[in-house]
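A short worksheet on the structure shown next.
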2 protein chains.
Amino acid sequence: MNIGEASGRSGLPAKTIRYYEDIGLIRPDRGGNGYRDYGDDDVHKLRFLHRSRSLGFSVDECRQLLALYEDKSRASADVKDIASSKLTEIDRKIRELTELRRTLEYLVHACHGNARPDCPILEELSEHT
Amino acid sequence: MNIGEASGRSGLPAKTIRYYEDIGLIRPDRGGNGYRDYGDDDVHKLRFLHRSRSLGFSVDECRQLLALYEDKSRASADVKDIASSKLTEIDRKIRELTELRRTLEYLVHACHGNARPDCPILEELSEHT
DNA sequence: GCTTGACCTTCCAGTAACGGGAAGGTTCAT
DNA sequence: ATGAACCTTCCCGTTACTGGAAGGTCAAGC
């Protein structure tokens, strides 16, 4: 498929997809016309990149995560190390999002209807750190 | 307190804290010596910024969230709108992190000990989208 | 077959969100 | 009073894109 469809299916702008190719994250085929040609697995990777980027992982971390899949020759111990260090980080992110969620929920429900004089959102936010 | 201590307490590099001042996110006082002087509430804000940035919110989204607290004159309906649209996004992020977590967990436990021939991490990753 | 519009290509320049490091002022302990 | 450890501004570099120009390709309709 062309880059437009890959963009539509992955949610990533075509510009970004080309950029990811520039920095070596994905290697699409080329048609005789010079157009990039993406397969379903490319779309999987792009979708994965879209997600993990939006969750606060750097492009380099995404590259590591992708490598877990792609580098079939990598030793399993390495895979475990990288994956479990990411697991720790993911758990932290989930905890923090949950706390942020609770705080916003409070803001929506507790400060109802009228001007909030002293909604303690920031105190809430930092109390649970 | 000086920027070094504010950095230590918030987890943000001093460079980043100065940058956040440049773009108008925080307004510390200045001492007679020209040094920036941070209060506890500044540290709260910085800690909040540190967190929400690492969770994939843009600086501009963080600015909105901070504004929920700071702009006391804002109408409550606006607060609710912004906060609840962020709530939706937070829920999505939590869902995606949970799925990513499950996939990595699988990678760590299911592909144990030896070279993985066909660890379907990407299929897993995209299946649940 | 020829145009037209929606694709695609490369390239170059700009932006956002920092980070490194120079050049110099301040503070504090020895 | 001198060195270490802070702090200041300024400027340049990097990461991860984003916009736009200039031009090639393709499928549909006349």
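Quick note on naming: the chains in the structure tokens go A, B, ... in the order shown, residues restart at 1 in each chain, and ligands are numbered from 1 in order of appearance.
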
Sorted by chain and rising residue number, which residues of chain D lie within 9 Å of region 9-30 of chain C, and what are their closest atom pairs and distances in Å to one decimal, counting only C-alpha atoms (C1' of nucleotides), as a tab-separated table?
```
residue	atom	partner	partner_atom	distance
D:DA5	C1'	C:DT27	C1'	8.7
D:DC6	C1'	C:DT27	C1'	7.4
D:DC7	C1'	C:DT26	C1'	6.8
D:DT8	C1'	C:DG25	C1'	7.0
D:DC10	C1'	C:DA22	C1'	8.9
D:DC12	C1'	C:DG20	C1'	8.9
D:DG13	C1'	C:DG20	C1'	8.0
D:DT14	C1'	C:DG19	C1'	7.8
D:DT15	C1'	C:DC18	C1'	8.6
D:DA16	C1'	C:DA16	C1'	8.8
D:DC17	C1'	C:DT15	C1'	8.5
D:DT18	C1'	C:DT15	C1'	7.5
D:DG19	C1'	C:DG14	C1'	7.9
D:DG20	C1'	C:DA13	C1'	8.9
D:DA21	C1'	C:DC12	C1'	8.8
D:DG23	C1'	C:DT9	C1'	8.0
D:DG24	C1'	C:DT9	C1'	6.8
```

Polymer residues at most 12 Å from region 56-65 of chain B, only C-alpha atoms (C1' of nucleotides), same-chain spacing of 6 or more positions, as a PyMOL selection string | (chain A and resi 50-58+93+96-97+100-101+103-104+107+121-122+125) or (chain B and resi 16+19-20+23-26+45-50+71+74+78-87+89-90+92-94+97) or (chain C and resi 16-18)

Per-residue nearest contacts of chain A to chain C (12 Å; only C-alpha atoms (C1' of nucleotides)) as JSON lines:
```
{"residue": "A:Asn2", "atom": "CA", "partner": "C:DC8", "partner_atom": "C1'", "distance": 8.5}
{"residue": "A:Ile3", "atom": "CA", "partner": "C:DC8", "partner_atom": "C1'", "distance": 8.4}
{"residue": "A:Gly4", "atom": "CA", "partner": "C:DC7", "partner_atom": "C1'", "distance": 8.3}
{"residue": "A:Glu5", "atom": "CA", "partner": "C:DC7", "partner_atom": "C1'", "distance": 10.9}
{"residue": "A:Ala14", "atom": "CA", "partner": "C:DC8", "partner_atom": "C1'", "distance": 10.8}
{"residue": "A:Arg18", "atom": "CA", "partner": "C:DT9", "partner_atom": "C1'", "distance": 11.0}
{"residue": "A:Arg30", "atom": "CA", "partner": "C:DT9", "partner_atom": "C1'", "distance": 11.6}
{"residue": "A:Gly31", "atom": "CA", "partner": "C:DC8", "partner_atom": "C1'", "distance": 11.3}
{"residue": "A:Asn33", "atom": "CA", "partner": "C:DC8", "partner_atom": "C1'", "distance": 9.1}
{"residue": "A:Gly34", "atom": "CA", "partner": "C:DT9", "partner_atom": "C1'", "distance": 7.4}
{"residue": "A:Tyr35", "atom": "CA", "partner": "C:DC8", "partner_atom": "C1'", "distance": 6.3}
{"residue": "A:Arg36", "atom": "CA", "partner": "C:DC8", "partner_atom": "C1'", "distance": 8.7}
{"residue": "A:Asp37", "atom": "CA", "partner": "C:DC8", "partner_atom": "C1'", "distance": 11.3}
```
